[in-house]
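This is model17.cif (mmCIF, C-alpha atoms and all ligand atoms).
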```
data_structure
loop_
_atom_site.label_atom_id
_atom_site.label_comp_id
_atom_site.auth_asym_id
_atom_site.auth_seq_id
_atom_site.Cartn_x
_atom_site.Cartn_y
_atom_site.Cartn_z
CA MET A 1 160.78 84.49 46.10
CA GLN A 2 162.66 86.36 43.37
CA ARG A 3 161.40 89.71 42.17
CA ASN A 4 159.15 89.49 39.09
CA GLU A 5 158.20 85.91 39.87
CA THR A 6 154.60 85.00 40.55
CA GLY A 7 153.92 84.28 44.21
CA ARG A 8 153.27 80.61 44.80
CA THR A 9 150.21 80.49 47.02
CA ALA A 10 148.56 77.59 48.84
CA ILE A 11 145.03 77.61 50.20
CA LEU A 12 143.93 75.67 53.27
CA LEU A 13 140.19 75.22 53.60
CA SER A 14 137.61 73.07 55.33
CA GLY A 15 134.28 74.02 53.77
CA ARG A 16 132.45 76.19 51.27
CA GLY A 17 135.58 77.85 49.93
CA SER A 18 134.10 81.16 48.77
CA ASN A 19 137.24 83.02 49.90
CA PHE A 20 139.34 80.52 47.99
CA GLU A 21 137.24 81.20 44.89
CA ALA A 22 137.66 84.96 45.33
CA LEU A 23 141.42 84.47 45.56
CA TYR A 24 141.46 82.11 42.61
CA ARG A 25 139.53 84.55 40.41
CA ASP A 26 141.78 87.40 41.47
CA SER A 27 144.94 85.37 40.87
CA LEU A 28 143.92 84.91 37.24
CA GLN A 29 143.86 88.66 36.61
CA PRO A 30 146.85 89.96 34.71
CA HIS A 31 149.54 91.27 37.07
CA SER A 32 147.88 89.88 40.20
CA GLY A 33 151.37 88.83 41.29
CA TYR A 34 150.33 85.41 42.52
CA ARG A 35 148.91 82.07 41.55
CA ILE A 36 147.41 79.18 43.43
CA VAL A 37 149.65 76.15 43.29
CA LEU A 38 147.94 73.97 45.89
CA VAL A 39 144.63 73.59 47.72
CA VAL A 40 144.66 71.55 50.92
CA SER A 41 141.57 70.44 52.79
CA ASP A 42 141.06 68.48 55.99
CA ASN A 43 137.52 67.68 54.86
CA ALA A 44 136.98 65.26 51.99
CA ASP A 45 133.52 66.70 51.28
CA ALA A 46 134.49 70.38 51.28
CA LEU A 47 132.85 72.25 48.43
CA GLY A 48 136.07 74.25 48.08
CA LEU A 49 138.03 71.06 47.46
CA ARG A 50 135.54 69.99 44.79
CA ARG A 51 135.87 73.37 43.10
CA ALA A 52 139.68 73.15 43.19
CA ARG A 53 139.43 69.86 41.29
CA GLU A 54 137.03 71.38 38.76
CA TYR A 55 139.50 74.20 38.15
CA GLY A 56 142.27 71.65 37.64
CA LEU A 57 144.29 72.93 40.59
CA GLU A 58 146.62 70.67 42.47
CA ASN A 59 144.84 69.54 45.60
CA VAL A 60 145.36 67.34 48.62
CA PHE A 61 142.95 65.95 51.17
CA LEU A 62 144.67 65.40 54.50
CA ASP A 63 142.55 63.04 56.51
CA PRO A 64 142.76 64.17 60.16
CA GLU A 65 141.88 60.65 61.28
CA LEU A 66 145.19 59.39 59.91
CA TYR A 67 147.20 61.79 62.05
CA SER A 68 147.05 61.03 65.73
CA ASP A 69 148.11 64.52 66.85
CA ARG A 70 148.61 68.08 65.66
CA GLY A 71 152.35 67.45 65.26
CA SER A 72 152.06 64.68 62.71
CA PHE A 73 149.39 66.58 60.76
CA SER A 74 151.68 69.62 60.71
CA ARG A 75 154.70 67.66 59.50
CA ARG A 76 152.74 66.21 56.61
CA LEU A 77 151.32 69.63 55.76
CA VAL A 78 154.79 71.19 55.71
CA ARG A 79 156.01 68.43 53.39
CA GLU A 80 153.14 69.07 50.97
CA LEU A 81 153.81 72.82 50.97
CA ASP A 82 157.59 72.52 50.75
CA SER A 83 157.40 70.13 47.82
CA ARG A 84 155.45 72.79 45.84
CA LYS A 85 157.82 75.56 46.93
CA VAL A 86 154.94 77.52 48.41
CA ASP A 87 155.68 81.17 49.27
CA LEU A 88 152.45 82.05 51.05
CA VAL A 89 149.73 80.03 52.79
CA CYS A 90 146.19 81.44 52.97
CA LEU A 91 143.81 80.04 55.55
CA ALA A 92 140.40 80.41 53.94
CA GLY A 93 137.94 78.89 56.37
CA PHE A 94 140.39 76.29 57.67
CA MET A 95 138.85 74.95 60.87
CA ARG A 96 141.99 73.57 62.48
CA ILE A 97 144.63 75.16 64.69
CA LEU A 98 148.02 74.84 63.04
CA GLY A 99 150.76 73.02 64.94
CA ARG A 100 154.02 74.56 66.07
CA ARG A 101 156.02 72.90 63.30
CA MET A 102 153.84 74.46 60.60
CA VAL A 103 153.67 77.92 62.18
CA GLU A 104 157.45 78.00 62.63
CA ALA A 105 158.26 76.64 59.17
CA TYR A 106 156.04 79.28 57.51
CA ALA A 107 156.45 82.11 60.03
CA GLY A 108 155.43 85.43 58.48
CA ARG A 109 154.08 83.58 55.44
CA ILE A 110 150.62 82.52 56.64
CA LEU A 111 147.57 84.77 56.36
CA ASN A 112 144.13 84.08 57.84
CA ILE A 113 140.80 85.79 57.24
CA HIS A 114 138.41 86.23 60.13
CA PRO A 115 134.86 87.65 60.03
CA SER A 116 135.19 90.29 62.76
CA LEU A 117 137.31 93.28 63.64
CA LEU A 118 139.90 91.46 65.75
CA PRO A 119 140.69 91.38 68.62
CA ALA A 120 136.91 91.48 69.07
CA PHE A 121 135.15 88.15 68.65
CA PRO A 122 137.87 85.61 67.87
CA GLY A 123 137.01 81.95 67.38
CA LEU A 124 133.81 80.45 66.07
CA ASP A 125 130.58 82.27 65.18
CA ALA A 126 132.15 85.71 65.14
CA GLN A 127 129.13 87.29 63.44
CA ARG A 128 126.78 85.79 66.08
CA GLN A 129 129.11 87.05 68.83
CA ALA A 130 129.02 90.56 67.33
CA LEU A 131 125.21 90.58 67.22
CA ASP A 132 124.89 89.20 70.74
CA TYR A 133 127.28 91.83 72.05
CA GLY A 134 125.35 94.59 70.33
CA VAL A 135 128.21 96.30 68.50
CA LYS A 136 127.28 98.85 65.82
CA TYR A 137 130.22 97.95 63.60
CA SER A 138 131.89 94.68 62.86
CA GLY A 139 133.80 93.61 59.76
CA CYS A 140 136.65 91.37 58.74
CA THR A 141 140.36 91.04 59.38
CA VAL A 142 143.28 89.57 57.47
CA HIS A 143 146.11 88.78 59.85
CA PHE A 144 149.39 86.93 59.97
CA VAL A 145 149.13 83.66 61.82
CA ASP A 146 150.94 82.91 65.06
CA ARG A 147 150.32 80.06 67.47
CA GLY A 148 147.23 81.57 69.05
CA MET A 149 143.68 81.54 67.78
CA ASP A 150 143.10 84.66 65.62
CA THR A 151 145.83 86.52 67.51
CA GLY A 152 148.57 87.31 64.95
CA PRO A 153 149.58 90.79 63.66
CA ILE A 154 146.81 92.48 61.71
CA ALA A 155 147.50 93.19 58.03
CA LEU A 156 144.17 94.68 56.87
CA GLN A 157 140.71 95.30 58.25
CA GLN A 158 137.41 96.35 56.76
CA CYS A 159 134.54 97.76 58.76
CA VAL A 160 130.90 96.71 58.16
CA GLU A 161 127.96 98.45 59.79
CA VAL A 162 125.63 96.30 61.89
CA ARG A 163 122.00 97.18 61.12
CA ASP A 164 119.19 97.08 63.64
CA ASP A 165 117.36 94.44 61.65
CA ASP A 166 120.42 92.27 60.94
CA SER A 167 120.21 88.53 61.42
CA GLU A 168 123.31 86.36 61.64
CA GLU A 169 122.75 85.48 57.98
CA SER A 170 122.37 89.03 56.68
CA LEU A 171 125.37 90.32 58.63
CA SER A 172 127.48 87.31 57.57
CA ARG A 173 126.55 87.95 53.94
CA ARG A 174 127.64 91.59 54.00
CA ILE A 175 130.85 90.75 55.86
CA LEU A 176 131.59 87.96 53.38
CA GLU A 177 131.29 90.40 50.46
CA GLN A 178 134.02 92.46 52.10
CA GLU A 179 136.12 89.36 52.84
CA HIS A 180 136.14 88.58 49.13
CA ARG A 181 137.71 91.99 48.46
CA LEU A 182 140.01 92.18 51.45
CA PHE A 183 141.76 88.82 51.15
CA PRO A 184 142.87 89.27 47.51
CA GLN A 185 143.99 92.80 48.35
CA ALA A 186 146.10 91.47 51.23
CA VAL A 187 147.71 88.77 49.07
CA ARG A 188 148.57 91.31 46.38
CA LEU A 189 150.10 93.63 48.96
CA TYR A 190 152.01 90.72 50.49
CA PHE A 191 153.63 89.81 47.19
CA ALA A 192 154.30 93.45 46.39
CA GLY A 193 156.42 93.42 49.57
CA ALA A 194 154.17 96.07 51.08
CA PHE A 195 153.84 94.66 54.60
CA ALA A 196 156.52 95.31 57.20
CA VAL A 197 155.76 93.35 60.37
CA GLU A 198 157.23 94.97 63.47
CA GLY A 199 156.11 93.09 66.56
CA ARG A 200 152.33 93.33 66.64
CA ARG A 201 152.22 96.19 64.17
CA VAL A 202 152.10 95.76 60.42
CA ARG A 203 153.16 98.87 58.53
CA LYS A 204 152.34 99.36 54.85
CA ARG A 205 155.37 100.60 52.98
C1 LIG B 1 134.73 83.02 56.38
O1 LIG B 1 133.74 83.78 57.02
C2 LIG B 1 136.09 83.28 56.98
O2 LIG B 1 136.24 84.58 57.44
C3 LIG B 1 136.11 82.32 58.14
O3 LIG B 1 135.47 81.17 57.66
C4 LIG B 1 134.55 81.53 56.62
C5 LIG B 1 134.93 80.71 55.43
O4 LIG B 1 134.03 80.89 54.36
N1 LIG B 1 137.46 82.08 58.59
P1 LIG B 1 134.41 80.32 52.93
O5 LIG B 1 134.67 78.82 53.14
O6 LIG B 1 135.60 81.03 52.45
O7 LIG B 1 133.20 80.54 52.09
#
```

Turn this file's structure into structure tokens for me.
Ligand code: GRF
Amino acid sequence: MQRNETGRTAILLSGRGSNFEALYRDSLQPHSGYRIVLVVSDNADALGLRRAREYGLENVFLDPELYSDRGSFSRRLVRELDSRKVDLVCLAGFMRILGRRMVEAYAGRILNIHPSLLPAFPGLDAQRQALDYGVKYSGCTVHFVDRGMDTGPIALQQCVEVRDDDSEESLSRRILEQEHRLFPQAVRLYFAGAFAVEGRRVRKR
């Protein structure tokens, strides 16, 4: 991407899409530094996909049933992204592990948001895991994506206190509020060239 250009961002989602909406709203702010050029979903009924259509954003449904393995899904995904000259891919509730082809083609250019302070509680139901474990603080993490599940270098984290009377729903709600701030902040910093990834460590410059 050239300096002074607007970062071409793609969103991958599978469901509700509230993080996508937070990013979309933020991208429309003057000087956000990015815009959403494509929304991809692997779920035809995803609310996020419906919203993308309402907003008039370019969107693609990739039917997992048409791709026999992760490799063929990945190749198609890379084609869709390449053809829109995407600079950055944001996984916003995308419930699928990306294949090698995709992770290599977009190495250092894929961000994921996860509702815990990684490396604690990777995978599904992170808020439930946090409650079951009994931690006093959880939160959310934006990280670069590698081939593992929720394992890539951490860009930003936000802490959220766990209250004695929290249910999975109440904790998820407060974490989600922070996700909606953290993800846009990470994308802005990314396009400002503020992240220097050195092995596992991400320095802000
Ligand atoms: C969020 O909690 C995100 O951290 C996780 O999946 C959820 C997606 O929510 N990866 P939404 O679809 O963005 O509303």

Exercise for the section: Excluding Ile36 in chain A and any residue of its chain fewer than 3 positions from it, enumerate the residues within 7 Å of it, using only C-alpha atoms, and give them as a PyMOL selection string. Expected result: chain A and resi 8-10+24

Practice task
Please write out the residues within 6 Å of ligand LIG 1 (chain B) as a list in words, counting only C-alpha atoms and all ligand atoms.
Solution key: Gly15, Arg16, Gly17, Ser18, Asn19, Phe20, Ala92, Gly93, Ile113, His114, Pro115 and Leu176 of chain A

Exercise for the section: Name the closest residue to Asp125 in chain A among the candidates A:Asp87, A:Glu161, A:Glu168, A:Asp150; distances are taken between atoms, counting all atoms listed in the file. Expected result: A:Glu168

Practice task
For Ala52 in chain A, please output as a ChimeraX atom specification all residues within 12 Å (counting only C-alpha atoms; exclusion window: fewer than 3 positions along the same chain).
Solution key: /A:10-13,15-18,20-21,23-25,36-41,46-49,55-61

Completion exercise
Shortest contact to Phe191 in chain A, candidates A:Ser74, A:Ala130, A:Asp82, A:Val89, atoms counted all atoms listed in the file, goes to A:Val89

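When CA of Leu62 in chain A is paired with CA of Asp146 in chain A, their separation reads 21.4 Å.
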
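You will find CA of Val135 in chain A at 12.9 Å from CA of Leu118 in chain A.
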
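Taking all atoms listed in the file into account, Thr6 in chain A lies nearest to A:Leu28 out of the set A:Ala194, A:Cys159, A:Leu28, A:Met95.
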
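Nearest residue to Gly7 in chain A among A:Tyr190, A:Phe73, A:Phe183, A:Tyr106 is A:Tyr190, counting all atoms listed in the file.
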
Exercise for the section: Measuring atom to atom with only C-alpha atoms, identify which of A:Glu179, A:Pro153, A:Phe144, A:Asp164 is nearest to Arg109 in chain A. Expected result: A:Phe144

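Atom pair CA of Gln158 in chain A / CA of Glu177 in chain A: separated by 10.6 Å.
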
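If you measure from each of A:Ser83, A:Ser170, A:Ser68, A:Gln178 to Ser116 in chain A using all atoms listed in the file, the closest one turns out to be A:Gln178.
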